[in-house]
file coords-v1.txt (compact mmCIF, C-alpha atoms)
# COMPACT_ATOMS: atom_id res chain seq x y z
CA MET J 1 -182.89 -181.71 112.09
CA MET J 2 -186.40 -183.18 112.30
CA MET J 3 -187.58 -185.72 109.82
CA LYS J 4 -190.02 -184.54 107.15
CA ARG J 5 -193.27 -184.60 109.04
CA LYS J 6 -196.37 -186.33 107.76
CA GLY J 7 -199.68 -184.52 107.65
CA ILE J 8 -202.40 -185.08 110.23
CA LEU J 9 -205.99 -185.86 109.31
CA ILE J 10 -208.17 -183.43 111.25
CA VAL J 11 -211.84 -184.12 111.80
CA VAL J 12 -213.99 -181.16 112.76
CA SER J 13 -217.43 -181.72 114.26
CA GLY J 14 -219.73 -179.52 116.26
CA PHE J 15 -223.24 -178.22 116.65
CA SER J 16 -224.98 -176.71 113.68
CA GLY J 17 -224.63 -172.98 114.30
CA ALA J 18 -221.33 -173.27 116.19
CA GLY J 19 -219.49 -171.68 113.30
CA LYS J 20 -217.39 -174.64 112.11
CA GLY J 21 -217.52 -173.66 108.46
CA THR J 22 -216.27 -170.10 108.93
CA LEU J 23 -213.61 -171.28 111.36
CA MET J 24 -212.25 -173.86 108.91
CA LYS J 25 -212.26 -171.42 106.01
CA GLN J 26 -210.43 -168.79 108.06
CA LEU J 27 -207.88 -171.36 109.22
CA VAL J 28 -207.04 -172.47 105.70
CA HIS J 29 -206.93 -168.83 104.62
CA SER J 30 -204.66 -167.72 107.50
CA TYR J 31 -202.04 -170.47 107.49
CA ASP J 32 -200.20 -172.50 104.91
CA ASN J 33 -200.04 -176.23 105.02
CA TYR J 34 -203.75 -176.97 105.34
CA ALA J 35 -205.93 -178.71 102.77
CA LEU J 36 -209.72 -178.89 102.98
CA SER J 37 -211.21 -182.22 102.04
CA VAL J 38 -214.24 -181.99 99.74
CA SER J 39 -216.98 -184.59 100.20
CA MET J 40 -218.71 -186.60 97.50
CA THR J 41 -222.51 -186.66 97.42
CA THR J 42 -225.39 -187.96 95.38
CA ARG J 43 -227.64 -185.02 96.19
CA GLY J 44 -228.02 -182.35 93.54
CA PRO J 45 -226.17 -179.02 93.75
CA ARG J 46 -228.06 -176.12 95.37
CA PRO J 47 -228.00 -172.65 93.84
CA GLY J 48 -224.52 -171.18 94.19
CA GLU J 49 -222.81 -174.50 94.90
CA GLU J 50 -219.91 -175.42 92.65
CA GLU J 51 -218.66 -178.85 91.61
CA GLY J 52 -215.46 -179.58 93.57
CA ARG J 53 -215.88 -176.66 95.96
CA GLU J 54 -218.86 -177.53 98.19
CA TYR J 55 -219.06 -181.14 96.99
CA PHE J 56 -218.21 -183.52 94.21
CA PHE J 57 -221.69 -184.21 92.79
CA VAL J 58 -221.98 -187.77 91.45
CA SER J 59 -224.66 -190.27 90.48
CA ARG J 60 -225.80 -193.02 92.80
CA GLU J 61 -224.07 -195.59 90.54
CA LYS J 62 -220.76 -193.74 90.64
CA PHE J 63 -221.01 -193.41 94.46
CA GLU J 64 -221.67 -197.13 94.92
CA GLU J 65 -218.79 -198.00 92.59
CA THR J 66 -216.52 -195.81 94.74
CA ILE J 67 -217.69 -197.59 97.88
CA ALA J 68 -217.02 -200.97 96.25
CA ALA J 69 -213.51 -199.88 95.23
CA ASP J 70 -212.75 -198.83 98.86
CA GLY J 71 -212.41 -195.29 97.56
CA LEU J 72 -214.03 -193.62 100.57
CA ILE J 73 -212.64 -193.15 104.08
CA GLU J 74 -216.17 -193.01 105.48
CA TYR J 75 -219.64 -192.52 104.09
CA ALA J 76 -223.19 -192.26 105.33
CA CYS J 77 -226.69 -192.01 103.94
CA TYR J 78 -228.97 -189.10 104.98
CA CYS J 79 -232.38 -188.40 103.57
CA GLU J 80 -231.80 -190.94 100.80
CA ASN J 81 -228.59 -189.28 99.68
CA TYR J 82 -225.06 -190.55 100.12
CA TYR J 83 -222.26 -188.39 101.54
CA GLY J 84 -218.65 -189.58 101.80
CA THR J 85 -214.99 -188.63 102.00
CA PRO J 86 -212.88 -189.60 98.96
CA ARG J 87 -209.73 -191.39 100.05
CA GLY J 88 -207.38 -190.44 97.21
CA TYR J 89 -207.21 -186.69 97.83
CA VAL J 90 -206.80 -187.10 101.59
CA GLU J 91 -203.98 -189.63 101.35
CA LYS J 92 -202.10 -187.66 98.70
CA GLN J 93 -202.21 -184.47 100.78
CA LEU J 94 -201.15 -186.28 103.99
CA GLU J 95 -198.24 -187.84 102.13
CA LYS J 96 -197.16 -184.37 101.01
CA GLY J 97 -197.07 -183.35 104.67
CA ARG J 98 -200.21 -181.21 104.59
CA ASP J 99 -202.77 -181.31 107.40
CA VAL J 100 -206.11 -182.25 105.88
CA ILE J 101 -209.35 -180.94 107.38
CA LEU J 102 -212.57 -182.83 107.16
CA GLU J 103 -215.98 -181.74 108.48
CA ILE J 104 -218.20 -184.62 109.58
CA GLU J 105 -220.51 -185.56 112.41
CA ILE J 106 -219.63 -187.86 115.25
CA GLN J 107 -220.43 -191.29 113.74
CA GLY J 108 -218.26 -190.46 110.74
CA ALA J 109 -215.57 -189.03 113.00
CA LEU J 110 -215.32 -192.27 114.96
CA LYS J 111 -215.12 -194.31 111.75
CA VAL J 112 -212.25 -192.11 110.55
CA LYS J 113 -210.46 -192.54 113.90
CA GLU J 114 -210.67 -196.32 113.48
CA LYS J 115 -209.03 -196.23 110.06
CA PHE J 116 -206.60 -193.41 110.89
CA PRO J 117 -205.68 -193.84 114.57
CA THR J 118 -203.58 -190.67 114.51
CA ALA J 119 -206.47 -188.55 113.22
CA LEU J 120 -207.14 -185.51 115.42
CA LEU J 121 -210.75 -184.98 116.47
CA LEU J 122 -211.87 -181.40 117.19
CA PHE J 123 -215.28 -180.40 118.52
CA VAL J 124 -216.50 -176.84 117.99
CA MET J 125 -218.98 -175.38 120.46
CA PRO J 126 -220.57 -172.01 121.10
CA PRO J 127 -219.81 -170.41 124.50
CA ASN J 128 -223.25 -171.47 125.76
CA ALA J 129 -226.56 -172.88 124.57
CA ALA J 130 -228.40 -169.54 124.59
CA GLU J 131 -225.79 -168.18 122.19
CA LEU J 132 -226.26 -171.21 119.93
CA ARG J 133 -230.00 -170.57 119.83
CA ARG J 134 -229.39 -166.88 119.12
CA ARG J 135 -227.08 -167.72 116.22
CA LEU J 136 -229.49 -170.22 114.71
CA MET J 137 -232.34 -167.72 114.94
CA GLY J 138 -230.16 -164.87 113.70
CA ARG J 139 -229.70 -166.60 110.37
CA GLY J 140 -233.30 -165.66 109.71
CA THR J 141 -233.60 -168.34 107.06
CA GLU J 142 -234.87 -171.22 109.16
CA SER J 143 -238.30 -171.97 110.53
CA MET J 144 -238.71 -172.32 114.31
CA GLU J 145 -239.30 -176.02 113.70
CA VAL J 146 -235.92 -176.44 112.02
CA ILE J 147 -234.21 -174.50 114.83
CA GLU J 148 -235.82 -176.71 117.47
CA LYS J 149 -234.66 -179.76 115.53
CA ARG J 150 -231.09 -178.47 115.39
CA LEU J 151 -231.05 -177.76 119.12
CA LYS J 152 -232.35 -181.25 119.79
CA ARG J 153 -229.66 -182.67 117.52
CA ALA J 154 -227.02 -180.58 119.38
CA SER J 155 -228.17 -182.12 122.63
CA GLU J 156 -227.65 -185.61 121.15
CA GLU J 157 -224.24 -184.74 119.72
CA ALA J 158 -223.16 -183.30 123.08
CA GLU J 159 -223.20 -186.86 124.43
CA GLY J 160 -220.15 -187.74 122.36
CA ILE J 161 -217.84 -184.83 123.18
CA GLU J 162 -215.49 -186.97 125.30
CA GLU J 163 -214.54 -188.92 122.16
CA TYR J 164 -212.83 -185.81 120.81
CA ASP J 165 -209.24 -184.74 121.44
CA TYR J 166 -209.98 -181.06 121.95
CA ILE J 167 -212.93 -178.73 122.26
CA ILE J 168 -212.89 -175.31 120.65
CA ILE J 169 -215.21 -172.74 122.15
CA ASN J 170 -216.08 -170.44 119.29
CA ASP J 171 -216.70 -167.20 121.10
CA ARG J 172 -214.56 -164.76 119.11
CA LEU J 173 -213.41 -165.93 115.69
CA GLU J 174 -210.15 -163.94 115.74
CA GLU J 175 -209.07 -165.90 118.83
CA CYS J 176 -210.43 -169.25 117.71
CA VAL J 177 -208.51 -169.44 114.44
CA PRO J 178 -205.04 -169.22 116.04
CA GLN J 179 -206.24 -171.49 118.86
CA MET J 180 -207.31 -174.16 116.36
CA HIS J 181 -203.97 -173.81 114.59
CA ALA J 182 -202.10 -174.18 117.90
CA LEU J 183 -204.04 -177.32 118.82
CA ILE J 184 -203.16 -178.91 115.49
CA GLN J 185 -199.50 -177.93 115.87
CA ALA J 186 -199.48 -179.44 119.36
CA ALA J 187 -200.85 -182.69 117.95
CA HIS J 188 -197.74 -183.00 115.79
CA ASP J 189 -195.70 -183.41 118.99
CA THR J 190 -197.34 -186.53 120.43
CA PRO J 191 -195.23 -189.69 120.63
CA SER J 192 -197.67 -191.62 118.43
CA ARG J 193 -197.11 -189.12 115.61
CA ASN J 194 -193.30 -189.28 115.97
CA LEU J 195 -192.65 -192.99 116.07
CA GLU J 196 -189.91 -192.84 113.46
CA PHE J 197 -188.01 -190.14 115.35
CA ILE J 198 -188.32 -192.06 118.62
CA GLU J 199 -187.18 -195.32 117.02
CA ASN J 200 -184.15 -193.59 115.53
CA MET J 201 -183.24 -192.14 118.92
CA ARG J 202 -183.53 -195.57 120.53
CA ARG J 203 -181.30 -197.15 117.90
CA GLU J 204 -178.68 -194.45 118.30
CA LEU J 205 -178.69 -194.71 122.10
CA GLU J 206 -178.50 -198.48 121.86
CA ALA J 207 -175.26 -198.09 119.90
CA TYR J 208 -173.66 -196.25 122.85
CA LYS J 209 -174.29 -199.09 125.28
CA MET E 1 -217.47 -166.30 129.33
CA MET E 2 -215.38 -169.34 130.29
CA MET E 3 -215.37 -170.67 133.80
CA LYS E 4 -212.32 -169.95 135.92
CA ARG E 5 -209.93 -172.61 134.76
CA LYS E 6 -208.10 -174.93 137.12
CA GLY E 7 -204.36 -175.37 136.85
CA ILE E 8 -202.77 -178.39 135.22
CA LEU E 9 -200.08 -180.46 136.88
CA ILE E 10 -197.25 -180.77 134.39
CA VAL E 11 -194.63 -183.49 134.74
CA VAL E 12 -191.38 -182.96 132.85
CA SER E 13 -189.03 -185.89 132.27
CA GLY E 14 -186.21 -186.42 129.85
CA PHE E 15 -182.65 -187.59 129.42
CA SER E 16 -179.97 -186.10 131.61
CA GLY E 17 -178.35 -183.54 129.32
CA ALA E 18 -181.52 -182.82 127.33
CA GLY E 19 -181.79 -179.38 128.90
CA LYS E 20 -184.97 -179.83 130.99
CA GLY E 21 -183.82 -177.55 133.78
CA THR E 22 -183.02 -174.56 131.58
CA LEU E 23 -186.20 -175.07 129.60
CA MET E 24 -188.38 -175.08 132.73
CA LYS E 25 -186.65 -172.04 134.20
CA GLN E 26 -187.07 -170.11 130.93
CA LEU E 27 -190.72 -171.09 130.70
CA VAL E 28 -191.52 -169.84 134.20
CA HIS E 29 -189.51 -166.69 133.49
CA SER E 30 -191.20 -166.00 130.13
CA TYR E 31 -194.85 -166.54 131.00
CA ASP E 32 -197.12 -165.83 133.93
CA ASN E 33 -199.26 -168.46 135.50
CA TYR E 34 -196.61 -171.14 136.08
CA ALA E 35 -195.37 -172.37 139.41
CA LEU E 36 -192.34 -174.64 139.86
CA SER E 37 -192.76 -177.40 142.39
CA VAL E 38 -189.79 -177.83 144.74
CA SER E 39 -188.97 -181.37 145.87
CA MET E 40 -188.22 -182.51 149.39
CA THR E 41 -185.08 -184.58 150.01
CA THR E 42 -183.05 -186.14 152.80
CA ARG E 43 -179.73 -185.61 151.07
CA GLY E 44 -177.61 -182.70 152.26
CA PRO E 45 -177.40 -179.45 150.31
CA ARG E 46 -174.51 -179.12 147.83
CA PRO E 47 -172.49 -175.92 147.62
CA GLY E 48 -174.64 -173.17 146.14
CA GLU E 49 -177.94 -174.93 146.78
CA GLU E 50 -180.53 -173.00 148.78
CA GLU E 51 -183.24 -174.30 151.08
CA GLY E 52 -186.57 -174.00 149.25
CA ARG E 53 -185.01 -173.21 145.87
CA GLU E 54 -183.34 -176.44 144.70
CA TYR E 55 -184.94 -178.59 147.43
CA PHE E 56 -186.49 -178.58 150.84
CA PHE E 57 -183.78 -180.32 152.87
CA VAL E 58 -185.24 -182.39 155.68
CA SER E 59 -184.22 -185.19 158.05
CA ARG E 60 -185.08 -188.81 157.40
CA GLU E 61 -187.55 -188.71 160.32
CA LYS E 62 -189.34 -185.64 158.94
CA PHE E 63 -189.50 -187.24 155.47
CA GLU E 64 -191.00 -190.47 156.82
CA GLU E 65 -193.53 -188.50 158.86
CA THR E 66 -194.54 -186.67 155.69
CA ILE E 67 -194.99 -189.99 153.86
CA ALA E 68 -197.12 -191.32 156.74
CA ALA E 69 -199.30 -188.18 156.65
CA ASP E 70 -199.89 -188.63 152.87
CA GLY E 71 -198.09 -185.34 152.40
CA LEU E 72 -196.28 -186.39 149.21
CA ILE E 73 -197.71 -186.88 145.72
CA GLU E 74 -194.92 -189.31 144.93
CA TYR E 75 -191.54 -190.22 146.38
CA ALA E 76 -188.62 -192.49 145.66
CA CYS E 77 -185.37 -193.56 147.25
CA TYR E 78 -182.06 -193.18 145.34
CA CYS E 79 -178.63 -193.88 146.74
CA GLU E 80 -180.10 -194.15 150.24
CA ASN E 81 -181.73 -190.74 150.04
CA TYR E 82 -185.41 -189.93 149.74
CA TYR E 83 -186.79 -187.53 147.14
CA GLY E 84 -190.46 -186.54 146.96
CA THR E 85 -193.04 -183.98 145.83
CA PRO E 86 -194.87 -182.17 148.65
CA ARG E 87 -198.61 -182.26 148.07
CA GLY E 88 -199.64 -179.03 149.83
CA TYR E 89 -197.88 -176.55 147.56
CA VAL E 90 -198.97 -178.31 144.37
CA GLU E 91 -202.64 -178.50 145.33
CA LYS E 92 -202.77 -174.88 146.52
CA GLN E 93 -201.27 -173.61 143.25
CA LEU E 94 -203.57 -175.77 141.09
CA GLU E 95 -206.57 -174.48 143.03
CA LYS E 96 -205.45 -170.91 142.30
CA GLY E 97 -205.48 -171.78 138.60
CA ARG E 98 -201.72 -171.92 138.15
CA ASP E 99 -200.05 -174.62 136.08
CA VAL E 100 -197.55 -176.41 138.30
CA ILE E 101 -194.37 -177.88 136.85
CA LEU E 102 -192.67 -180.85 138.34
CA GLU E 103 -189.43 -182.50 137.17
CA ILE E 104 -189.29 -186.24 137.83
CA GLU E 105 -188.27 -189.43 136.08
CA ILE E 106 -190.63 -191.88 134.48
CA GLN E 107 -191.60 -194.09 137.46
CA GLY E 108 -192.53 -190.97 139.42
CA ALA E 109 -194.32 -189.52 136.40
CA LEU E 110 -196.53 -192.59 136.10
CA LYS E 111 -197.35 -192.50 139.83
CA VAL E 112 -198.39 -188.84 139.48
CA LYS E 113 -200.59 -189.69 136.47
CA GLU E 114 -202.38 -192.32 138.58
CA LYS E 115 -203.22 -189.85 141.33
CA PHE E 116 -203.85 -186.90 138.98
CA PRO E 117 -205.35 -188.37 135.80
CA THR E 118 -205.39 -184.95 134.14
CA ALA E 119 -201.66 -184.41 134.72
CA LEU E 120 -199.79 -183.58 131.51
CA LEU E 121 -196.65 -185.61 130.85
CA LEU E 122 -193.89 -183.99 128.77
CA PHE E 123 -190.70 -185.72 127.65
CA VAL E 124 -187.72 -183.57 126.67
CA MET E 125 -185.20 -184.99 124.18
CA PRO E 126 -182.17 -183.73 122.32
CA PRO E 127 -182.42 -183.70 118.51
CA ASN E 128 -180.31 -186.89 118.36
CA ALA E 129 -178.14 -189.14 120.51
CA ALA E 130 -174.82 -187.77 119.23
CA GLU E 131 -175.92 -184.30 120.36
CA LEU E 132 -176.83 -185.69 123.79
CA ARG E 133 -173.37 -187.21 124.13
CA ARG E 134 -171.79 -183.94 123.01
CA ARG E 135 -173.75 -181.97 125.61
CA LEU E 136 -172.87 -184.37 128.41
CA MET E 137 -169.18 -184.24 127.47
CA GLY E 138 -169.28 -180.48 126.96
CA ARG E 139 -170.09 -179.94 130.61
CA GLY E 140 -166.49 -180.93 131.25
CA THR E 141 -167.30 -181.83 134.84
CA GLU E 142 -168.12 -185.50 134.48
CA SER E 143 -165.88 -188.51 134.09
CA MET E 144 -166.25 -190.69 130.98
CA GLU E 145 -167.67 -193.36 133.26
CA VAL E 146 -170.48 -191.07 134.46
CA ILE E 147 -171.25 -190.02 130.89
CA GLU E 148 -171.48 -193.66 129.78
CA LYS E 149 -173.82 -194.33 132.70
CA ARG E 150 -176.08 -191.42 131.74
CA LEU E 151 -176.25 -192.58 128.13
CA LYS E 152 -177.15 -196.08 129.29
CA ARG E 153 -179.82 -194.60 131.57
CA ALA E 154 -181.15 -192.53 128.62
CA SER E 155 -181.49 -195.72 126.61
CA GLU E 156 -183.59 -197.26 129.40
CA GLU E 157 -185.74 -194.16 129.78
CA ALA E 158 -186.35 -194.06 126.04
CA GLU E 159 -188.41 -197.23 126.45
CA GLY E 160 -191.13 -195.29 128.23
CA ILE E 161 -191.60 -192.34 125.88
CA GLU E 162 -195.01 -193.56 124.64
CA GLU E 163 -196.40 -193.04 128.15
CA TYR E 164 -195.98 -189.29 127.70
CA ASP E 165 -198.49 -186.88 126.16
CA TYR E 166 -195.96 -184.87 124.16
CA ILE E 167 -192.30 -184.94 123.24
CA ILE E 168 -190.27 -181.73 123.12
CA ILE E 169 -187.16 -181.83 120.96
CA ASN E 170 -184.81 -179.37 122.58
CA ASP E 171 -182.81 -178.20 119.61
CA ARG E 172 -183.02 -174.42 119.96
CA LEU E 173 -184.12 -173.12 123.35
CA GLU E 174 -185.77 -169.97 121.95
CA GLU E 175 -188.15 -172.17 119.95
CA CYS E 176 -188.66 -174.78 122.64
CA VAL E 177 -189.90 -172.42 125.33
CA PRO E 178 -192.91 -171.12 123.33
CA GLN E 179 -193.51 -174.67 122.03
CA MET E 180 -193.70 -176.00 125.59
CA HIS E 181 -196.05 -173.16 126.52
CA ALA E 182 -198.27 -173.91 123.50
CA LEU E 183 -198.47 -177.61 124.39
CA ILE E 184 -199.58 -176.76 127.91
CA GLN E 185 -202.15 -174.26 126.62
CA ALA E 186 -203.48 -176.91 124.22
CA ALA E 187 -203.87 -179.32 127.12
CA HIS E 188 -206.31 -176.91 128.74
CA ASP E 189 -208.68 -177.55 125.81
CA THR E 190 -209.19 -181.31 126.17
CA PRO E 191 -212.68 -182.52 127.12
CA SER E 192 -211.35 -184.21 130.28
CA ARG E 193 -210.10 -180.86 131.56
CA ASN E 194 -213.39 -179.09 130.77
CA LEU E 195 -215.94 -181.45 132.25
CA GLU E 196 -217.75 -178.68 134.10
CA PHE E 197 -218.16 -176.59 130.95
CA ILE E 198 -219.40 -179.61 128.99
CA GLU E 199 -221.86 -180.60 131.70
CA ASN E 200 -223.25 -177.05 131.82
CA MET E 201 -223.70 -177.06 128.05
CA ARG E 202 -225.53 -180.39 128.21
CA ARG E 203 -227.84 -179.13 130.93
CA GLU E 204 -228.65 -175.97 128.98
CA LEU E 205 -229.30 -177.88 125.75
CA GLU E 206 -231.47 -180.35 127.63
CA ALA E 207 -233.66 -177.46 128.73
CA TYR E 208 -234.43 -176.62 125.06
CA LYS E 209 -235.75 -180.07 124.31
call {"tool": "encode", "arguments": {"input": "coords-v1.txt", "output": "structure tokens"}}
result
Amino acid sequence: MMMKRKGILIVVSGFSGAGKGTLMKQLVHSYDNYALSVSMTTRGPRPGEEEGREYFFVSREKFEETIAADGLIEYACYCENYYGTPRGYVEKQLEKGRDVILEIEIQGALKVKEKFPTALLLFVMPPNAAELRRRLMGRGTESMEVIEKRLKRASEEAEGIEEYDYIIINDRLEECVPQMHALIQAAHDTPSRNLEFIENMRRELEAYK
Amino acid sequence: MMMKRKGILIVVSGFSGAGKGTLMKQLVHSYDNYALSVSMTTRGPRPGEEEGREYFFVSREKFEETIAADGLIEYACYCENYYGTPRGYVEKQLEKGRDVILEIEIQGALKVKEKFPTALLLFVMPPNAAELRRRLMGRGTESMEVIEKRLKRASEEAEGIEEYDYIIINDRLEECVPQMHALIQAAHDTPSRNLEFIENMRRELEAYK
């Protein structure tokens, strides 16, 4: 009855330590129809990282060629390394009707929203700041200095939350995964994502006049 | 963990014959936490209608007093009769945390959105115009002239669909009821409806700086 629906580009941001990564992995694992976008970077792979899984690892020359060919939806430079989202994979998956998930921080998220006005922006947060601190410390791998830096960064990122469509409070993962899925499903029902259906309805009604 | 959440004011519009009434009744019947707003009118009750169930039936004087006392969220005049939404009931239910559902047409919906910026606007549609015509004719109670008028009215209303937050395509009721519920639940997770939570988080993060 409905027209074949197009995929939605979903941008996930949130504080370091909020649990975005696990949430996204669980979502893709629990439901069909999602595709995870893999970023391209010029930094070298870390132990355990695999080409095409964590990142596509490329040379600086290759990255700049891709920029020049308009092959990236967004990109940024951190610590002298480029990071970006390859356009081809994302567009192919959307065309197939799959919802594509992309993890980036707020500046990148806003750039994506400009190019894809129907992108859905999700912001993942812990239930409170004390819990965020606990989680960052619980990792046991980071120095106090790094933790302080992350908390400071969280405070900066918190300024942009109103730019997002929905917030997800990651308290209990088993509740958050279906919640995230439900928010994405809801997004499929906005008028702006059903323009073709609405136009058809208008044409048909017009004919009855 | 979360703060006690406030109710959302939900405005339901849609073509005559789209099945709004049944959908709303089923929603309230199937889930807790909803309250149906009952309109006030100056028209007389029709056979089978009960005071306080279909409408609050009042005199013209009483209605105009209520307008003067700012006792209505919105009102309009059709066929020389007033129709309006009493403010008291709606605000009390929202305060209690219940989601309040209100059925009105587009002009009223936009007035509500002005006064309650976090109101959620839902537009109910049939799967296609032929189905709408079939449903209107299937009632067997209306003259061809009335049906034509309703279809013409639907065509006018279709112009405003983009003003709504979500569309609900009422094909199969048993799917639409949980869909409508999910859309309302999703609306609870927007930043604009969680300003207090976000502000708290910012304050807490600020303290770590």
call {"tool": "residues_around", "arguments": {"input": "coords-v1.txt", "residues": "stretch 145-155 of chain E", "least_positions_apart": "3", "cutoff": "12 Å", "atoms": "all atoms listed in the file", "output": "number ranges by chain"}}
result
J: 198-209; E: 13-18, 105-106, 123-126, 128-142, 158-161
call {"tool": "residues_around", "arguments": {"input": "coords-v1.txt", "residues": "J:Val112", "least_positions_apart": "5", "cutoff": "8 Å", "atoms": "all atoms listed in the file", "output": "list in words"}}
result
Ile73, Glu74, Pro117 and Ala119 of chain J
call {"tool": "write_last_selection", "arguments": {"input": "coords-v1.txt", "atoms": "C-alpha atoms", "output": "PDB file, in the frame of the given file"}}
result
ATOM      1  CA  ILE J  73    -212.640-193.150 104.080  1.00  0.00           C
ATOM      2  CA  GLU J  74    -216.170-193.010 105.480  1.00  0.00           C
ATOM      3  CA  PRO J 117    -205.680-193.840 114.570  1.00  0.00           C
ATOM      4  CA  ALA J 119    -206.470-188.550 113.220  1.00  0.00           C
TER       5      ALA J 119
END
call {"tool": "residues_around", "arguments": {"input": "coords-v1.txt", "residues": "E:Ala76", "least_positions_apart": "2", "cutoff": "10 Å", "atoms": "only C-alpha atoms", "output": "mmCIF file with C-alpha atoms, keeping the file's coordinate frame"}}
result
data_model
loop_
_atom_site.group_PDB
_atom_site.id
_atom_site.type_symbol
_atom_site.label_atom_id
_atom_site.label_comp_id
_atom_site.auth_asym_id
_atom_site.auth_seq_id
_atom_site.Cartn_x
_atom_site.Cartn_y
_atom_site.Cartn_z
ATOM 1 C CA THR E 41 -185.080 -184.580 150.010
ATOM 2 C CA GLU E 74 -194.920 -189.310 144.930
ATOM 3 C CA TYR E 78 -182.060 -193.180 145.340
ATOM 4 C CA GLU E 80 -180.100 -194.150 150.240
ATOM 5 C CA ASN E 81 -181.730 -190.740 150.040
ATOM 6 C CA TYR E 82 -185.410 -189.930 149.740
ATOM 7 C CA TYR E 83 -186.790 -187.530 147.140
ATOM 8 C CA GLY E 84 -190.460 -186.540 146.960
ATOM 9 C CA THR E 85 -193.040 -183.980 145.830
ATOM 10 C CA GLN E 107 -191.600 -194.090 137.460
ATOM 11 C CA GLY E 108 -192.530 -190.970 139.420
#
call {"tool": "residues_near_point", "arguments": {"input": "coords-v1.txt", "point": "(-186.7, -184.0, 151.3)", "cutoff": "6 Å", "atoms": "only C-alpha atoms", "output": "number ranges by chain"}}
result
E: 40-42, 56-58, 63, 83
call {"tool": "write_last_selection", "arguments": {"input": "coords-v1.txt", "atoms": "C-alpha atoms", "output": "compact mmCIF listing (two decimals), in the frame of the given file"}}
result
# COMPACT_ATOMS: atom_id res chain seq x y z
CA MET E 40 -188.22 -182.51 149.39
CA THR E 41 -185.08 -184.58 150.01
CA THR E 42 -183.05 -186.14 152.80
CA PHE E 56 -186.49 -178.58 150.84
CA PHE E 57 -183.78 -180.32 152.87
CA VAL E 58 -185.24 -182.39 155.68
CA PHE E 63 -189.50 -187.24 155.47
CA TYR E 83 -186.79 -187.53 147.14
call {"tool": "residues_around", "arguments": {"input": "coords-v1.txt", "residues": "stretch 91-93 of chain J", "least_positions_apart": "3", "cutoff": "10 Å", "atoms": "all atoms listed in the file", "output": "list in words"}}
result
Lys6, Gly7, Ile8, Leu9, Asn33, Tyr34, Ala35, Leu36, Ser37, Ile73, Pro86, Arg87, Gly88, Lys96, Gly97, Arg98, Asp99 and Val100 of chain J
call {"tool": "residues_around", "arguments": {"input": "coords-v1.txt", "residues": "J:Glu54", "least_positions_apart": "3", "cutoff": "9 Å", "atoms": "only C-alpha atoms", "output": "MDAnalysis selection string"}}
result
chainID J and resid 38:39 45 49:51
call {"tool": "atom_distance", "arguments": {"input": "coords-v1.txt", "atom1": "atom CA of E:Glu162", "atom2": "atom CA of E:Val11"}}
result
14.3 Å
call {"tool": "axis_aligned_box", "arguments": {"input": "coords-v1.txt", "around": "stretch 145-163 of chain J", "padding_each_side": "4 Å", "output": "JSON"}}
result
{"center_x": -226.9, "center_y": -181.7, "center_z": 118.7, "size_x": 32.8, "size_y": 22.4, "size_z": 21.3}
call {"tool": "build_atoms", "arguments": {"input": "coords-v1.txt", "residues": "stretch 72-79 of chain J", "atoms": "N, CA, C and O atoms", "output": "compact mmCIF listing (two decimals), in the coordinates of the input"}}
result
# COMPACT_ATOMS: atom_id res chain seq x y z
N LEU J 72 -213.57 -194.62 99.59
CA LEU J 72 -214.03 -193.62 100.57
C LEU J 72 -213.51 -193.96 101.96
O LEU J 72 -213.48 -195.13 102.36
N ILE J 73 -213.10 -192.94 102.70
CA ILE J 73 -212.64 -193.15 104.08
C ILE J 73 -213.82 -193.47 104.97
O ILE J 73 -213.74 -194.29 105.88
N GLU J 74 -214.92 -192.77 104.74
CA GLU J 74 -216.17 -193.01 105.48
C GLU J 74 -217.29 -192.51 104.60
O GLU J 74 -217.08 -191.66 103.74
N TYR J 75 -218.48 -193.06 104.79
CA TYR J 75 -219.64 -192.52 104.09
C TYR J 75 -220.87 -192.80 104.92
O TYR J 75 -220.85 -193.63 105.84
N ALA J 76 -221.93 -192.07 104.62
CA ALA J 76 -223.19 -192.26 105.33
C ALA J 76 -224.32 -191.89 104.40
O ALA J 76 -224.09 -191.30 103.34
N CYS J 77 -225.53 -192.30 104.76
CA CYS J 77 -226.69 -192.01 103.94
C CYS J 77 -227.67 -191.18 104.77
O CYS J 77 -228.06 -191.58 105.87
N TYR J 78 -227.98 -189.96 104.31
CA TYR J 78 -228.97 -189.10 104.98
C TYR J 78 -230.05 -188.75 103.98
O TYR J 78 -229.72 -188.33 102.86
N CYS J 79 -231.27 -188.85 104.41
CA CYS J 79 -232.38 -188.40 103.57
C CYS J 79 -232.24 -188.97 102.15
O CYS J 79 -232.35 -188.24 101.16
